[in-house]
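> Take a look at query_29.txt, compact mmCIF, C-alpha atoms:
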# COMPACT_ATOMS: atom_id res chain seq x y z
CA MET P 1 -81.73 -64.17 86.58
CA MET P 2 -85.62 -60.05 87.09
CA VAL P 3 -85.70 -56.61 88.39
CA LEU P 4 -86.63 -53.13 87.36
CA GLY P 5 -85.26 -49.96 88.86
CA ALA P 6 -81.90 -50.15 90.58
CA LEU P 7 -80.69 -53.19 88.69
CA ILE P 8 -81.18 -55.50 85.80
CA VAL P 9 -80.44 -59.13 86.50
CA ALA P 10 -80.67 -62.49 84.92
CA VAL P 11 -84.34 -62.96 84.20
CA GLY P 12 -85.98 -59.58 84.13
CA THR P 13 -86.06 -56.84 81.60
CA VAL P 14 -87.77 -53.77 80.31
CA ALA P 15 -88.70 -53.67 76.66
CA GLY P 16 -86.88 -50.97 74.76
CA PRO P 17 -87.52 -49.36 71.41
CA ALA P 18 -86.83 -51.27 68.21
CA GLN P 19 -83.11 -51.53 67.62
CA ALA P 20 -80.59 -53.49 65.60
CA ALA P 21 -80.20 -57.11 66.68
CA PRO P 22 -77.05 -57.91 68.65
CA SER P 23 -74.19 -59.57 66.85
CA GLN P 24 -74.30 -63.34 66.45
CA SER P 25 -70.70 -63.44 67.71
CA SER P 26 -69.72 -62.83 71.32
CA ASP P 27 -68.00 -59.59 72.25
CA ALA P 28 -64.37 -59.89 73.36
CA VAL P 29 -64.99 -60.78 77.01
CA PRO P 30 -63.23 -63.10 79.47
CA GLY P 31 -64.06 -66.76 79.73
CA PHE P 32 -64.05 -68.91 82.86
CA ASN P 33 -62.76 -72.35 83.82
CA GLY P 34 -66.01 -73.44 85.48
CA THR P 35 -69.73 -73.09 84.90
CA VAL P 36 -71.23 -69.58 85.08
CA ARG P 37 -74.57 -69.72 86.90
CA ALA P 38 -75.44 -66.09 87.61
CA VAL P 39 -75.00 -62.80 85.77
CA ALA P 40 -76.26 -59.32 86.63
CA TYR P 41 -75.76 -55.90 85.06
CA SER P 42 -75.36 -52.71 87.04
CA GLY P 43 -74.73 -49.86 84.62
CA SER P 44 -71.68 -50.80 82.58
CA THR P 45 -70.56 -53.47 85.05
CA ILE P 46 -71.45 -57.15 84.79
CA TYR P 47 -71.21 -59.25 87.94
CA VAL P 48 -70.65 -62.97 87.36
CA GLY P 49 -70.97 -65.93 89.71
CA GLY P 50 -70.71 -69.69 89.44
CA ASP P 51 -68.35 -72.62 89.95
CA PHE P 52 -65.16 -71.18 88.41
CA THR P 53 -61.81 -70.54 90.09
CA TYR P 54 -60.22 -68.36 87.44
CA ALA P 55 -61.08 -66.08 84.54
CA ILE P 56 -59.43 -66.50 81.15
CA VAL P 57 -58.24 -63.28 79.52
CA LYS P 58 -56.41 -63.59 76.19
CA GLY P 59 -55.28 -67.08 77.13
CA LYS P 60 -54.07 -66.05 80.58
CA SER P 61 -55.60 -67.46 83.77
CA ILE P 62 -56.40 -64.89 86.45
CA ALA P 63 -57.70 -66.01 89.85
CA ARG P 64 -61.38 -65.34 90.41
CA THR P 65 -62.99 -67.66 92.93
CA ARG P 66 -66.65 -68.06 91.93
CA LEU P 67 -67.14 -64.28 91.64
CA ALA P 68 -65.94 -61.72 89.09
CA ALA P 69 -66.85 -58.41 87.49
CA LEU P 70 -66.38 -57.15 83.94
CA ASN P 71 -66.67 -53.83 82.14
CA ALA P 72 -69.55 -54.44 79.74
CA SER P 73 -68.40 -51.72 77.35
CA THR P 74 -64.75 -52.73 77.02
CA GLY P 75 -64.83 -56.40 78.05
CA GLU P 76 -62.11 -55.73 80.62
CA LEU P 77 -61.88 -57.97 83.69
CA LEU P 78 -62.25 -55.65 86.67
CA PRO P 79 -60.22 -55.90 89.90
CA TRP P 80 -63.38 -56.73 91.93
CA ALA P 81 -62.49 -60.15 93.34
CA PRO P 82 -64.26 -61.37 96.48
CA THR P 83 -64.11 -65.15 96.91
CA ALA P 84 -66.72 -67.80 97.76
CA ASP P 85 -65.82 -71.29 98.94
CA ALA P 86 -68.61 -73.01 96.97
CA ARG P 87 -71.11 -72.36 94.19
CA VAL P 88 -72.67 -68.94 93.63
CA LYS P 89 -76.14 -69.53 92.15
CA ALA P 90 -77.76 -66.08 92.10
CA ILE P 91 -76.76 -62.40 92.02
CA ALA P 92 -78.77 -59.20 92.46
CA VAL P 93 -77.49 -55.63 92.56
CA SER P 94 -78.99 -52.62 94.32
CA GLY P 95 -77.11 -49.34 94.41
CA SER P 96 -73.69 -49.93 95.93
CA SER P 97 -74.50 -53.48 97.08
CA VAL P 98 -74.12 -56.83 95.33
CA TYR P 99 -76.13 -59.67 96.86
CA ILE P 100 -75.10 -63.27 96.26
CA GLY P 101 -76.83 -66.53 97.05
CA GLY P 102 -75.69 -70.13 96.65
CA GLU P 103 -74.07 -73.05 98.41
CA PHE P 104 -71.14 -71.27 100.07
CA THR P 105 -70.33 -71.06 103.77
CA TYR P 106 -67.47 -68.52 103.56
CA VAL P 107 -67.09 -65.35 101.49
CA SER P 108 -63.64 -63.76 101.40
CA GLY P 109 -62.79 -65.76 104.50
CA GLN P 110 -65.81 -64.61 106.51
CA LYS P 111 -68.53 -67.05 107.50
CA ARG P 112 -71.73 -66.44 105.52
CA ASP P 113 -74.48 -69.02 105.31
CA SER P 114 -75.35 -69.13 101.58
CA LEU P 115 -76.35 -65.44 101.43
CA ALA P 116 -74.12 -62.36 101.55
CA ARG P 117 -73.91 -58.67 100.68
CA LEU P 118 -70.79 -57.27 99.03
CA ASP P 119 -69.64 -53.76 98.23
CA ALA P 120 -70.13 -53.18 94.50
CA THR P 121 -66.79 -51.36 94.16
CA SER P 122 -64.42 -52.95 96.65
CA GLY P 123 -66.01 -56.39 97.05
CA ALA P 124 -65.86 -56.06 100.86
CA VAL P 125 -68.25 -58.31 102.76
CA SER P 126 -70.93 -56.43 104.69
CA SER P 127 -70.69 -56.89 108.44
CA THR P 128 -74.34 -55.91 108.99
CA PHE P 129 -75.96 -58.44 106.65
CA LYS P 130 -75.50 -61.86 108.19
CA HIS P 131 -78.22 -64.48 108.46
CA ALA P 132 -78.43 -68.21 109.15
CA ILE P 133 -80.28 -69.88 106.28
CA ASP P 134 -81.83 -73.35 106.41
CA GLY P 135 -82.03 -74.44 102.78
CA LYS P 136 -80.45 -72.82 99.73
CA PRO P 137 -81.19 -69.62 97.79
CA TYR P 138 -81.68 -70.24 94.07
CA ALA P 139 -83.03 -66.83 93.03
CA LEU P 140 -82.59 -63.22 94.14
CA ALA P 141 -84.26 -59.95 93.18
CA ALA P 142 -83.84 -56.44 94.57
CA ALA P 143 -86.75 -54.02 94.23
CA ASN P 144 -89.38 -52.20 96.27
CA GLY P 145 -86.89 -51.60 99.07
CA ARG P 146 -86.43 -55.34 99.54
CA LEU P 147 -84.16 -58.19 98.64
CA TYR P 148 -86.37 -61.11 97.65
CA VAL P 149 -84.89 -64.58 98.12
CA GLY P 150 -86.29 -67.86 96.84
CA GLY P 151 -85.14 -71.46 96.74
CA THR P 152 -85.45 -74.36 99.21
CA ILE P 153 -85.42 -72.13 102.29
CA THR P 154 -87.22 -73.31 105.45
CA LYS P 155 -85.85 -70.91 108.08
CA VAL P 156 -83.98 -67.62 108.25
CA SER P 157 -82.15 -66.88 111.51
CA GLY P 158 -84.46 -69.31 113.27
CA GLN P 159 -87.68 -67.84 111.85
CA VAL P 160 -89.84 -70.01 109.61
CA ARG P 161 -89.91 -69.08 105.95
CA THR P 162 -91.30 -71.49 103.37
CA ARG P 163 -89.07 -71.20 100.28
CA LEU P 164 -89.49 -67.42 100.09
CA ALA P 165 -88.18 -64.57 102.21
CA ALA P 166 -87.39 -60.86 101.98
CA PHE P 167 -84.92 -58.50 103.62
CA ASP P 168 -84.84 -54.74 104.04
CA LEU P 169 -82.33 -53.32 101.54
CA LEU P 170 -81.42 -50.49 103.89
CA THR P 171 -81.02 -52.28 107.22
CA GLY P 172 -80.54 -55.88 106.07
CA ALA P 173 -83.19 -57.05 108.53
CA LEU P 174 -85.47 -59.97 107.74
CA ASP P 175 -88.84 -58.65 106.56
CA GLY P 176 -91.50 -59.68 109.05
CA THR P 177 -94.41 -59.08 106.68
CA TRP P 178 -93.40 -60.54 103.32
CA LYS P 179 -93.49 -64.28 103.98
CA PRO P 180 -95.59 -66.06 101.37
CA ILE P 181 -95.58 -69.86 101.34
CA VAL P 182 -95.05 -72.18 98.39
CA ASP P 183 -95.00 -75.98 98.56
CA ASP P 184 -91.92 -76.68 96.42
CA GLN P 185 -88.72 -74.98 95.33
CA VAL P 186 -88.45 -71.56 93.75
CA GLU P 187 -86.23 -71.16 90.68
CA ALA P 188 -86.80 -67.62 89.38
CA PHE P 189 -87.97 -64.07 90.12
CA ALA P 190 -88.93 -61.01 88.15
CA THR P 191 -90.28 -57.74 89.54
CA ALA P 192 -92.31 -55.15 87.67
CA SER P 193 -95.43 -53.00 87.86
CA GLY P 194 -96.15 -53.63 91.53
CA ARG P 195 -95.71 -57.39 91.29
CA VAL P 196 -93.15 -59.98 92.26
CA TYR P 197 -93.31 -62.85 89.78
CA VAL P 198 -92.16 -66.20 91.17
CA GLY P 199 -91.46 -69.36 89.17
CA GLY P 200 -90.43 -72.88 90.08
CA LYS P 201 -91.80 -76.36 90.85
CA PHE P 202 -94.52 -75.45 93.33
CA HIS P 203 -98.26 -76.23 93.09
CA LYS P 204 -99.77 -74.32 96.01
CA VAL P 205 -99.15 -70.72 97.07
CA ASN P 206 -100.24 -69.52 100.51
CA SER P 207 -102.05 -72.89 100.79
CA THR P 208 -104.12 -72.01 97.72
CA SER P 209 -104.35 -74.32 94.70
CA GLY P 210 -104.41 -73.15 91.09
CA TYR P 211 -101.17 -71.16 91.01
CA ASP P 212 -98.92 -73.94 89.82
CA ARG P 213 -95.30 -73.06 89.01
CA LEU P 214 -95.87 -69.36 88.26
CA VAL P 215 -97.49 -66.72 90.45
CA ALA P 216 -97.55 -62.97 90.95
CA LEU P 217 -97.30 -61.72 94.54
CA ASP P 218 -97.85 -58.36 96.16
CA PRO P 219 -94.39 -56.83 96.75
CA ALA P 220 -95.23 -55.66 100.29
CA SER P 221 -97.66 -58.21 101.71
CA GLY P 222 -96.85 -61.38 99.77
CA ALA P 223 -100.52 -61.87 98.93
CA ILE P 224 -101.39 -63.58 95.64
CA VAL P 225 -102.26 -61.25 92.76
CA THR P 226 -105.34 -63.20 91.74
CA GLY P 227 -105.63 -61.51 88.35
CA PHE P 228 -102.59 -63.45 87.08
CA LYS P 229 -103.22 -67.20 86.88
CA PRO P 230 -101.39 -68.83 83.95
CA LYS P 231 -100.85 -72.37 85.40
CA PRO P 232 -97.98 -73.60 83.17
CA ALA P 233 -97.79 -77.38 82.93
CA VAL P 234 -94.06 -77.74 83.64
CA ILE P 235 -91.31 -76.21 85.78
CA VAL P 236 -90.41 -72.54 85.33
CA PHE P 237 -86.65 -71.91 85.19
CA GLY P 238 -86.61 -68.27 84.10
CA ILE P 239 -88.86 -65.19 83.91
CA ALA P 240 -88.62 -61.88 82.05
CA VAL P 241 -91.16 -59.06 82.10
CA THR P 242 -91.93 -56.21 79.71
CA GLY P 243 -94.60 -53.52 79.96
CA ASP P 244 -97.36 -55.80 78.69
CA SER P 245 -96.12 -59.39 78.90
CA VAL P 246 -94.46 -62.03 81.05
CA TYR P 247 -92.03 -64.41 79.33
CA THR P 248 -91.05 -67.74 80.85
CA ALA P 249 -88.53 -70.51 80.19
CA HIS P 250 -89.64 -74.08 80.93
CA GLY P 251 -88.37 -77.64 81.11
CA GLY P 252 -90.52 -80.64 80.31
CA GLN P 253 -90.54 -83.13 77.45
CA GLY P 254 -88.41 -80.87 75.38
CA GLY P 255 -88.64 -77.29 76.61
CA THR P 256 -90.70 -74.20 75.90
CA ALA P 257 -90.58 -70.43 75.97
CA THR P 258 -93.98 -68.90 76.62
CA ALA P 259 -95.44 -65.41 76.53
CA TYR P 260 -98.33 -64.47 78.83
CA THR P 261 -100.41 -61.34 79.14
CA LEU P 262 -100.36 -59.53 82.47
CA SER P 263 -103.65 -61.27 83.26
CA GLY P 264 -102.11 -64.70 82.64
CA GLY P 265 -103.50 -65.43 79.20
CA LYS P 266 -101.14 -67.29 76.88
CA ARG P 267 -100.00 -65.16 73.92
CA TRP P 268 -97.69 -67.68 72.30
CA SER P 269 -95.36 -70.58 73.02
CA ALA P 270 -92.25 -71.88 71.25
CA THR P 271 -90.99 -75.45 71.63
CA PHE P 272 -87.43 -76.83 71.74
CA ASP P 273 -85.90 -80.31 71.97
CA GLY P 274 -84.38 -79.60 75.39
CA ASP P 275 -85.07 -77.47 78.45
CA ALA P 276 -85.28 -73.71 78.10
CA GLN P 277 -83.40 -72.54 81.20
CA ALA P 278 -83.06 -68.76 80.82
CA ILE P 279 -84.93 -65.98 79.07
CA THR P 280 -84.69 -62.25 78.48
CA SER P 281 -85.83 -59.66 75.95
CA LEU P 282 -84.18 -56.80 74.11
CA GLY P 283 -86.06 -54.51 71.75
CA ASP P 284 -88.43 -56.60 69.64
CA THR P 285 -86.81 -59.96 70.39
CA VAL P 286 -87.01 -62.56 73.14
CA TYR P 287 -83.75 -64.47 73.66
CA VAL P 288 -83.84 -67.99 75.10
CA GLY P 289 -81.01 -70.12 76.48
CA GLY P 290 -81.00 -73.77 77.45
CA HIS P 291 -79.65 -77.18 76.60
CA PHE P 292 -81.65 -77.63 73.41
CA ASP P 293 -80.17 -78.24 69.95
CA HIS P 294 -83.22 -77.48 67.82
CA ALA P 295 -86.28 -75.26 67.73
CA CYS P 296 -89.34 -77.35 66.88
CA ARG P 297 -91.71 -76.27 64.11
CA THR P 298 -94.73 -77.41 66.13
CA ALA P 299 -95.44 -78.13 69.78
CA ARG P 300 -95.37 -81.91 69.25
CA THR P 301 -92.40 -83.66 70.82
CA GLY P 302 -91.53 -87.33 71.33
CA ASP P 303 -89.11 -89.30 73.44
CA GLN P 304 -86.43 -87.14 75.04
CA GLY P 305 -88.11 -84.07 73.56
CA VAL P 306 -87.36 -84.83 69.91
CA CYS P 307 -89.27 -82.56 67.52
CA LEU P 308 -91.89 -84.63 65.66
CA ASP P 309 -92.87 -82.20 62.90
CA GLY P 310 -89.56 -80.81 61.78
CA SER P 311 -87.07 -78.46 63.37
CA ASP P 312 -84.46 -75.77 62.80
CA PRO P 313 -80.99 -75.92 64.35
CA ARG P 314 -80.64 -73.60 67.33
CA VAL P 315 -77.94 -74.85 69.67
CA LYS P 316 -78.35 -73.61 73.27
CA LEU P 317 -79.45 -70.10 72.17
CA ALA P 318 -82.42 -68.89 70.11
CA ALA P 319 -84.17 -65.63 69.24
CA LEU P 320 -87.94 -65.26 68.96
CA ASP P 321 -90.12 -62.43 67.71
CA ILE P 322 -91.56 -60.71 70.77
CA ALA P 323 -94.98 -60.25 69.12
CA ASP P 324 -95.79 -63.79 68.02
CA GLY P 325 -92.90 -66.04 69.04
CA HIS P 326 -91.78 -66.97 65.54
CA LEU P 327 -88.17 -68.08 65.23
CA ARG P 328 -85.76 -65.38 64.08
CA ASP P 329 -82.73 -65.96 61.84
CA TRP P 330 -80.32 -64.85 64.59
CA THR P 331 -78.03 -67.75 65.54
CA ALA P 332 -75.27 -67.85 68.13
CA ASP P 333 -74.84 -71.57 68.55
CA ALA P 334 -73.16 -72.69 71.75
CA ASN P 335 -72.03 -76.22 72.59
CA GLY P 336 -71.95 -78.81 75.34
CA ILE P 337 -74.75 -80.54 77.19
CA GLU P 338 -75.92 -78.16 79.91
CA GLY P 339 -75.64 -75.19 77.56
CA VAL P 340 -76.93 -71.80 78.74
CA LEU P 341 -78.10 -71.51 82.35
CA THR P 342 -78.46 -67.77 82.95
CA MET P 343 -79.03 -64.55 81.00
CA ALA P 344 -79.12 -60.84 81.76
CA VAL P 345 -79.87 -57.76 79.67
CA ASN P 346 -78.85 -54.11 79.59
CA PRO P 347 -81.12 -52.21 77.18
CA GLY P 348 -79.07 -49.04 77.61
CA LEU P 349 -76.04 -50.80 76.15
CA GLY P 350 -78.11 -52.76 73.63
CA ALA P 351 -76.53 -55.91 75.02
CA PHE P 352 -77.32 -59.15 76.77
CA ALA P 353 -75.10 -61.69 78.50
CA ALA P 354 -75.30 -65.47 78.69
CA GLY P 355 -73.58 -67.81 81.10
CA GLY P 356 -73.46 -71.56 81.38
CA ALA P 357 -71.30 -74.58 80.62
CA PHE P 358 -70.59 -73.96 76.91
CA THR P 359 -67.05 -73.46 75.61
CA THR P 360 -67.69 -72.14 72.09
CA ILE P 361 -70.03 -69.70 70.32
CA ASN P 362 -70.49 -70.39 66.60
CA GLY P 363 -67.41 -72.59 66.73
CA VAL P 364 -65.17 -69.91 68.26
CA THR P 365 -63.72 -70.48 71.72
CA GLN P 366 -65.71 -68.57 74.34
CA LYS P 367 -65.71 -70.36 77.65
CA ARG P 368 -68.87 -70.25 79.74
CA PHE P 369 -69.65 -66.56 79.40
CA ALA P 370 -70.59 -64.45 76.39
CA GLN P 371 -71.97 -60.99 75.72
CA PHE P 372 -73.83 -60.02 72.56
CA SER P 373 -74.12 -56.37 71.58
For this file, write the structure as structure tokens.

Amino acid sequence: MMVLGALIVAVGTVAGPAQAAPSQSSDAVPGFNGTVRAVAYSGSTIYVGGDFTYAIVKGKSIARTRLAALNASTGELLPWAPTADARVKAIAVSGSSVYIGGEFTYVSGQKRDSLARLDATSGAVSSTFKHAIDGKPYALAAANGRLYVGGTITKVSGQVRTRLAAFDLLTGALDGTWKPIVDDQVEAFATASGRVYVGGKFHKVNSTSGYDRLVALDPASGAIVTGFKPKPAVIVFGIAVTGDSVYTAHGGQGGTATAYTLSGGKRWSATFDGDAQAITSLGDTVYVGGHFDHACRTARTGDQGVCLDGSDPRVKLAALDIADGHLRDWTADANGIEGVLTMAVNPGLGAFAAGGAFTTINGVTQKRFAQFS
């Protein structure tokens, strides 16, 4: 869900010029038989990870064991088909390498402890990137010559790391310098403008209070960027960054999407009747995914997040004006309970992708993965 430069993954983005809004219907792309939990663009390729065991192409089931790749321009399922023996939760791409994190212990038959590097073309498992991980990776980002990993991690290859770690993208070695500490799990990354943004459930960062749930860190040292101190009140599930703003997706009583300045000041916030779990931006619009069914007209919510002052139907997906957060007319209603769990954007293609547990978009069958362009 994140990164500028070599890749664009689920929760990071660069604002582009004003452009036509994507279609409210999904492109013709494969579906999947299990939940999609991670998506990442690399040029015209989309890498997909999750709980699935096959892709669905024109009604035909084709084996893809928790990992797959698609041509974003044509919608074609690509032959890239490494396998993971359990859930893939996060994907990041850098050059010719695809990094995956999750709950697996084997990738394509080779033992890998919840973190692996794959060849972006062949899917071959790297023999030089192999680490023992205590805890689970929930978020990945590749930038600044490093792979950043966050989650519930406590050790990497026997060395203490407290929910955050980094690896050298060239050698695969554990970074001995970047080792910030947070006191609860990490859910999301974004990297931009000399910062690594980290979101999750934590309250203290590097033993320092006042950086609850969202912090900016130095990409080389891991030190806190003290000029960014937003202190959101609830968990951060997703982060996206543009040239002048940070956008976040939150849970809570209901859910919210919030825009912050680069100094941490709140620009606007939009409220939903369920968690906002993923966020990205394209042109002049912020897109939000989650398990909500309505966008609230005010910030007031009641039991189970119900909107108290009126609402507009927006089922699992919503579009907000990037300038002030007002609800746009764009609707691409999904279904189900969990809804949308991950999003990624490719400004060059004028497209974004959404993955989750849904099986329809605007009433049309589209199982667990969709692309809007």
> P:Tyr148, P:Phe167, P:Phe237, P:Phe358: which is nearest P:Phe202, counting only C-alpha atoms?
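Going through P:Tyr148, P:Phe167, P:Phe237, P:Phe358 one by one, the smallest distance to P:Phe202 is for P:Phe237.
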> Of the residues P:Thr280, P:Thr162, P:Ser193, P:Gln253, which is the one nearest to P:Val225, using only C-alpha atoms?
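Closest residue, counting only C-alpha atoms: P:Ser193.
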> Nearest residue to P:Val364 out of P:Arg267, P:Glu76, P:Ile56, P:Gln24, using only C-alpha atoms?
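That would be P:Gln24, the residue with the smallest distance to P:Val364.
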> Have a look at atom CA of P:Ala139 and atom CA of P:Thr261 and let me know their distance in Å, one decimal.
22.9 Å
> Can you tell me how far atom CA of P:Gly290 sits from atom CA of P:Ala278, in Å to one decimal?
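Pair atom CA of P:Gly290 / atom CA of P:Ala278 returns 6.4 Å.
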> So how far away is atom CA of P:Lys111 from atom CA of P:Gly151, in Å?
20.3 Å
> Which one is closest to P:Ala190: P:Ser245, P:Thr285, P:Gln159, P:Thr208? Count all atoms listed in the file.
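With all atoms listed in the file as the atom set, the closest residue is P:Ser245.
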